[in-house]
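Comments concern the structure below.
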Amino acid sequence: MSSEQNSLMAGPRIAAAGAHHKLELAVVVPTYNERDNLALLCENLEQALAGIAWELIVVDDNSPDDTAGLVRQLGRRYPNVRCIKRIGRRGLSSACAEGILSTNAVFVAVMDADHQHDEAILTPMLEAARGGADIVVGSRFAESGSSGDGLSPTRLRGSKLATAMAAMVTGRALADPMSGFFLLRRDLFEAIAANLSADGFKILLDIVVSAQRSGRQIMIAEVPYVFRPRHAGDSKMSPLIVIQFLGLWLSSLTRGLLPTSFLLFSMVGVSGVAVHLAALWALSTWAKPSFVIAQIGATLTAMTWNFFLNNILTYSDKRLHGARLWLGLLGFYAVCSIGGLANVSVASWIYEMREATFVAGMAGALMSSVFNYAVTRILTWK
């Protein structure tokens, strides 16, 4: 019998703590292909939270490894283990939000499934929240905390840089604002949930900034722990997640005036300019058609680049697949063509008014960017 089967047959001891008491703590774990980590996580949480009325909520983004199926098996044995399986929606921040908003527990903790977060500190984190802290952060960099062997030297340097950048928008000294391991009062989250971004990888930063922006005086405590190596599976960190963090950071600097998705859309647009120029040069150098044909080819190349990159990056939680992907591409061509006409019209009007080429060009580009973002958000990635 496998270790997974042994864990499933171990009996409903996890439920005992919360069977006859008011639910105090919900542990929300967002997952994607984390099947091999969950049985052991349940065992570890059972030990760490003995005597506490708690539940485990796994929010799974339709994992190909059938993570949700395993959670259902665990749930048949352990009544306080359940799964929210999301179809057609992806993203860590939105998964955390759905899990938090689905519980009646007084306090909610968010942690990863991969065992890098030390479940043993959940009890002192809960004690700090009971004592009045609004948010309690499991910190790798506070006091005796450490990144241990869980981060490579490159990721450690990146984490410290992101921490310094986060301090610029939080305005307060937090040792580990980029932590994915934290606990807070559910009513605080509900009060600010509407202001949170659905994009991105680091929801804690968004929570702290949104709470402060609402005028709330929040008390934050940090509990140190040693960050452990991943138990099984692959890390979800990627260059795209770094770019999403930059979008969230820039949005926070503007106090939410510019949405994260618009900033990501704009970043993609800037990269599309480089692709357009490269394609125009290549066509003009090698194929040598007329300039008009080369310009049309370069424009279509840039549009195609922008569409697929936006599908992966800006709208990762609404990513198009199959037939919808190709229909979306055709719609994107149509919308951006109209946006191009808006660009030319606005630029020409401003140029006639002021004869300022640069100002007119920038105004036209801004007009088409806003138009393309607004329309494709409604029609393409609805």
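Scheme for the structure tokens: letters A, B, ... for chains in order shown; per-chain residue numbers from 1; ligand numbers from 1 in order shown.
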With only C-alpha atoms as the counted atoms, please give the residues lying no more than 7 Å from stretch 133-140 of chain A, apart from itself and same-chain residues fewer than 3 positions off, as a PyMOL selection string. chain A and resi 125+128-129+145-147+175-176+179+181-185+218-227
Between A:Ile338, A:Ala232, A:Val28, A:Leu126, which one has atoms that come closest to A:Thr103, using only C-alpha atoms? A:Val28
Which residues of stretch 295-349 of chain A come within 12 Å of stretch 93-96 of chain A, and what is each one's closest atom pair and distance in Å (one decimal), counting only C-alpha atoms, sorted by chain and residue number, as JSON lines?
{"residue": "A:Ser316", "atom": "CA", "partner": "A:Ser94", "partner_atom": "CA", "distance": 11.1}
{"residue": "A:Asp317", "atom": "CA", "partner": "A:Ser94", "partner_atom": "CA", "distance": 8.2}
{"residue": "A:Lys318", "atom": "CA", "partner": "A:Ser94", "partner_atom": "CA", "distance": 11.3}
Give me, please, the distance in Å between atom CA of A:Cys336 and atom CA of A:Trp281, quoted to one decimal. 21.6 Å
Extract, using only C-alpha atoms, all DNA, RNA and protein residues at most 8 Å from A:Val335, discarding same-chain residues fewer than 5 positions from it, and format them as a PDB file with C-alpha atoms, in the first residue's frame.
ATOM      1  CA  ASN A 372      -7.464  48.510 -27.008  1.00  0.00           C
ATOM      2  CA  VAL A 375     -12.375  46.828 -25.522  1.00  0.00           C
ATOM      3  CA  THR A 376     -10.291  43.637 -25.474  1.00  0.00           C
TER       4      THR A 376
END
Provide the atom CA of A:Ala374 to atom CA of A:Asn311 distance in Å, to one decimal place. 15.0 Å
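Among the candidate residues A:Val27, A:Val209, A:Val81, A:Leu309, the one lying nearest to A:Thr254 is A:Val209, with distances computed using only C-alpha atoms.
The smallest atom-to-atom distance between A:Ala113 and any of A:Leu41, A:Leu250, A:Ala211, A:Leu258, using only C-alpha atoms, is found for A:Leu41.
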9 Å contact set for A:Gln116, only C-alpha atoms, chain neighbours under 6 positions out, as a ChimeraX atom specification: /A:150,226-231
Contacts of A:Leu330 at 12 Å or less, counting only C-alpha atoms, minus same-chain residues fewer than 3 places along, as an NGL selection string? :A and (300 or 303-304 or 307-308 or 323-327 or 333-337 or 376 or 379-380)
Find the residues near A:Arg89: any atom within 12 Å, counting only C-alpha atoms, skip ones fewer than 5 places away on the same chain, and give them as a PyMOL selection string. chain A and resi 32+59-63+84+94-95+98+198-199+315-321+381-382
